[in-house]
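Below: the structure, in structure tokens.
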Amino acid sequence: MDTNEEIIQDQDVSASQNQPGARKRALALVNIDLCTGCAICANVCPVNCVTIVPSELNFKGVATVNERCTGCNICAIDCPWFAIIMVNADGTKKDPAEYAKQLQRLRGYR
Ligand code: SF4
Ligand code: SF4
């Protein structure tokens with residue numbers, strides 16, 4: 001199982017896409033194996049939809065994103081551990097290489 005599949009398992013967006021009034025925007029997904037619980041994402045999220053929850057993976061806990069996420073990308077840009085990916089409304093992911101380039105540009109590396 002690759003990392004992205006593990007991420008999807010953690011926050012099952014595909015199920016929510018099939019509900020009436022399913023979201024049209026992208027959703028932030030946290031790779032809990034990379035998350036350090038630093039809470040930067042929770043602090044920068046403009047709609048306060050990120051919570052740090054207890055986890056056996058590290059003593060600070062891990063981030064989890066709820067359905068209020070607007071898909072703004074800010075948390076993915078600011079996560080120092082690249083632990084957040086954005087998933088499109090249909091459940092598909094951006095091409096990892098293209099997304100990495102976009103993040104680098106947004107971070108000012110390019
Ligand atoms: S910024 Fe990244 S590492 Fe820090 S809590 Fe959020 S997802 Fe985890
Ligand atoms: S994509 Fe934007 S709205 Fe969604 S969790 Fe990240 S910062 Fe919050």
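Scheme for the structure tokens: letters A, B, ... for chains in order shown; per-chain residue numbers from 1; ligand numbers from 1 in order shown.
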
Within 7 Å of ligand 2 (counting only C-alpha atoms and all ligand atoms), which residues show up? I'd like them as a PyMOL selection string. chain A and resi 27-28+41+44-50+65+68-76

**OP:** Find the spatial neighbours of segment 93-101 of chain A, counting only C-alpha atoms, within a cut-off of 10 Å - ignore same-chain residues fewer than 5 positions away - and output them as a list of chain:residue names.
**Re:** A:Asn4, A:Ala26, A:Leu27, A:Ile77, A:Phe82, A:Ile85, A:Met86, A:Val87, A:Asn88, A:Leu106, A:Arg107, A:Tyr109, A:Arg110

With N, CA and C atoms retained, write the just-selected residues as a PDB file, in the first residue's frame.
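Contents of result-v6.pdb, freshly written:
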```
ATOM      1  N   ASN A   4      -0.238   7.389  -0.214  1.00  0.00           N
ATOM      2  CA  ASN A   4      -1.494   8.064  -0.474  1.00  0.00           C
ATOM      3  C   ASN A   4      -2.687   7.211  -0.118  1.00  0.00           C
ATOM      4  N   ALA A  26     -11.691  20.976  -3.059  1.00  0.00           N
ATOM      5  CA  ALA A  26     -10.698  20.006  -2.621  1.00  0.00           C
ATOM      6  C   ALA A  26     -10.720  19.881  -1.096  1.00  0.00           C
ATOM      7  N   LEU A  27     -10.076  18.870  -0.604  1.00  0.00           N
ATOM      8  CA  LEU A  27     -10.032  18.610   0.829  1.00  0.00           C
ATOM      9  C   LEU A  27      -8.595  18.301   1.233  1.00  0.00           C
ATOM     10  N   ILE A  77       0.644  24.124   2.307  1.00  0.00           N
ATOM     11  CA  ILE A  77       1.799  24.965   2.015  1.00  0.00           C
ATOM     12  C   ILE A  77       2.651  25.153   3.260  1.00  0.00           C
ATOM     13  N   PHE A  82       5.492  18.331   5.067  1.00  0.00           N
ATOM     14  CA  PHE A  82       4.795  17.892   3.850  1.00  0.00           C
ATOM     15  C   PHE A  82       3.831  16.740   4.153  1.00  0.00           C
ATOM     16  N   ILE A  85      -1.739  16.554   1.909  1.00  0.00           N
ATOM     17  CA  ILE A  85      -1.958  16.620   0.469  1.00  0.00           C
ATOM     18  C   ILE A  85      -3.391  17.088   0.235  1.00  0.00           C
ATOM     19  N   MET A  86      -3.609  17.663  -0.940  1.00  0.00           N
ATOM     20  CA  MET A  86      -4.954  18.102  -1.298  1.00  0.00           C
ATOM     21  C   MET A  86      -5.562  17.087  -2.260  1.00  0.00           C
ATOM     22  N   VAL A  87      -6.794  16.736  -1.974  1.00  0.00           N
ATOM     23  CA  VAL A  87      -7.510  15.782  -2.820  1.00  0.00           C
ATOM     24  C   VAL A  87      -8.684  16.502  -3.464  1.00  0.00           C
ATOM     25  N   ASN A  88      -8.854  16.306  -4.744  1.00  0.00           N
ATOM     26  CA  ASN A  88      -9.948  16.947  -5.452  1.00  0.00           C
ATOM     27  C   ASN A  88     -11.299  16.434  -4.967  1.00  0.00           C
ATOM     28  N   LEU A 106       4.826  28.157  -4.356  1.00  0.00           N
ATOM     29  CA  LEU A 106       4.084  28.892  -3.332  1.00  0.00           C
ATOM     30  C   LEU A 106       4.954  29.178  -2.106  1.00  0.00           C
ATOM     31  N   ARG A 107       5.893  28.283  -1.853  1.00  0.00           N
ATOM     32  CA  ARG A 107       6.793  28.492  -0.722  1.00  0.00           C
ATOM     33  C   ARG A 107       7.926  29.449  -1.070  1.00  0.00           C
ATOM     34  N   TYR A 109      10.383  28.864  -3.314  1.00  0.00           N
ATOM     35  CA  TYR A 109      11.626  28.206  -3.672  1.00  0.00           C
ATOM     36  C   TYR A 109      11.916  28.290  -5.157  1.00  0.00           C
ATOM     37  N   ARG A 110      10.905  28.689  -5.943  1.00  0.00           N
ATOM     38  CA  ARG A 110      11.108  28.754  -7.397  1.00  0.00           C
ATOM     39  C   ARG A 110      10.637  30.082  -7.910  1.00  0.00           C
TER      40      ARG A 110
END
```

Mind running chain A against ligand 1 at 7 Å and telling me each contacting residue's nearest atom pair with the distance in Å (one decimal), counting only C-alpha atoms and all ligand atoms, chain and number ascending, as JSON lines?
```
{"residue": "A:Val30", "atom": "CA", "partner": "ligand 1", "partner_atom_place_in_ligand_line": "7 (S)", "distance": 5.6}
{"residue": "A:Leu34", "atom": "CA", "partner": "ligand 1", "partner_atom_place_in_ligand_line": "3 (S)", "distance": 6.5}
{"residue": "A:Cys35", "atom": "CA", "partner": "ligand 1", "partner_atom_place_in_ligand_line": "8 (Fe)", "distance": 3.6}
{"residue": "A:Thr36", "atom": "CA", "partner": "ligand 1", "partner_atom_place_in_ligand_line": "3 (S)", "distance": 4.3}
{"residue": "A:Gly37", "atom": "CA", "partner": "ligand 1", "partner_atom_place_in_ligand_line": "5 (S)", "distance": 3.7}
{"residue": "A:Cys38", "atom": "CA", "partner": "ligand 1", "partner_atom_place_in_ligand_line": "4 (Fe)", "distance": 3.9}
{"residue": "A:Ala39", "atom": "CA", "partner": "ligand 1", "partner_atom_place_in_ligand_line": "5 (S)", "distance": 3.9}
{"residue": "A:Ile40", "atom": "CA", "partner": "ligand 1", "partner_atom_place_in_ligand_line": "1 (S)", "distance": 4.3}
{"residue": "A:Cys41", "atom": "CA", "partner": "ligand 1", "partner_atom_place_in_ligand_line": "6 (Fe)", "distance": 4.1}
{"residue": "A:Ala42", "atom": "CA", "partner": "ligand 1", "partner_atom_place_in_ligand_line": "6 (Fe)", "distance": 6.4}
{"residue": "A:Ile52", "atom": "CA", "partner": "ligand 1", "partner_atom_place_in_ligand_line": "5 (S)", "distance": 6.7}
{"residue": "A:Val62", "atom": "CA", "partner": "ligand 1", "partner_atom_place_in_ligand_line": "8 (Fe)", "distance": 5.7}
{"residue": "A:Ala63", "atom": "CA", "partner": "ligand 1", "partner_atom_place_in_ligand_line": "5 (S)", "distance": 4.9}
{"residue": "A:Cys75", "atom": "CA", "partner": "ligand 1", "partner_atom_place_in_ligand_line": "1 (S)", "distance": 6.5}
{"residue": "A:Asp78", "atom": "CA", "partner": "ligand 1", "partner_atom_place_in_ligand_line": "1 (S)", "distance": 6.4}
{"residue": "A:Cys79", "atom": "CA", "partner": "ligand 1", "partner_atom_place_in_ligand_line": "1 (S)", "distance": 3.7}
{"residue": "A:Pro80", "atom": "CA", "partner": "ligand 1", "partner_atom_place_in_ligand_line": "2 (Fe)", "distance": 5.9}
{"residue": "A:Trp81", "atom": "CA", "partner": "ligand 1", "partner_atom_place_in_ligand_line": "3 (S)", "distance": 5.2}
{"residue": "A:Phe82", "atom": "CA", "partner": "ligand 1", "partner_atom_place_in_ligand_line": "2 (Fe)", "distance": 6.3}
{"residue": "A:Ala83", "atom": "CA", "partner": "ligand 1", "partner_atom_place_in_ligand_line": "7 (S)", "distance": 4.9}
{"residue": "A:Ile84", "atom": "CA", "partner": "ligand 1", "partner_atom_place_in_ligand_line": "7 (S)", "distance": 5.5}
```

Keeping only C-alpha atoms, write the selected residues to a file as a tab-separated table (two decimals), in the first residue's frame.
```tsv
chain	number	residue	atom	x	y	z
A	30	VAL	CA	-3.16	14.40	6.61
A	34	LEU	CA	4.52	12.18	8.61
A	35	CYS	CA	2.57	14.45	10.97
A	36	THR	CA	4.48	15.56	14.05
A	37	GLY	CA	1.53	17.24	15.77
A	38	CYS	CA	3.23	20.63	15.59
A	39	ALA	CA	-0.18	22.32	15.10
A	40	ILE	CA	1.06	24.81	12.52
A	41	CYS	CA	-1.76	23.74	10.21
A	42	ALA	CA	-4.34	24.23	12.95
A	52	ILE	CA	-4.82	17.92	16.88
A	62	VAL	CA	-1.70	14.21	14.91
A	63	ALA	CA	-3.77	16.61	12.84
A	75	CYS	CA	-2.12	24.13	5.59
A	78	ASP	CA	2.75	25.65	5.62
A	79	CYS	CA	3.20	22.10	6.91
A	80	PRO	CA	6.97	21.81	7.45
A	81	TRP	CA	6.83	18.03	7.08
A	82	PHE	CA	4.79	17.89	3.85
A	83	ALA	CA	2.27	15.80	5.71
A	84	ILE	CA	-0.79	17.28	4.00
```

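Here atom CA of Ser55 of chain A stands at a distance of 20.3 Å from atom CA of Glu67 of chain A.
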
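Of note, atom CA of Leu29 of chain A and atom CA of Leu57 of chain A are spaced 16.8 Å apart.
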
Correct to one decimal, the distance atom CA of Ile32 of chain A-atom CA of Thr92 of chain A is 19.1 Å
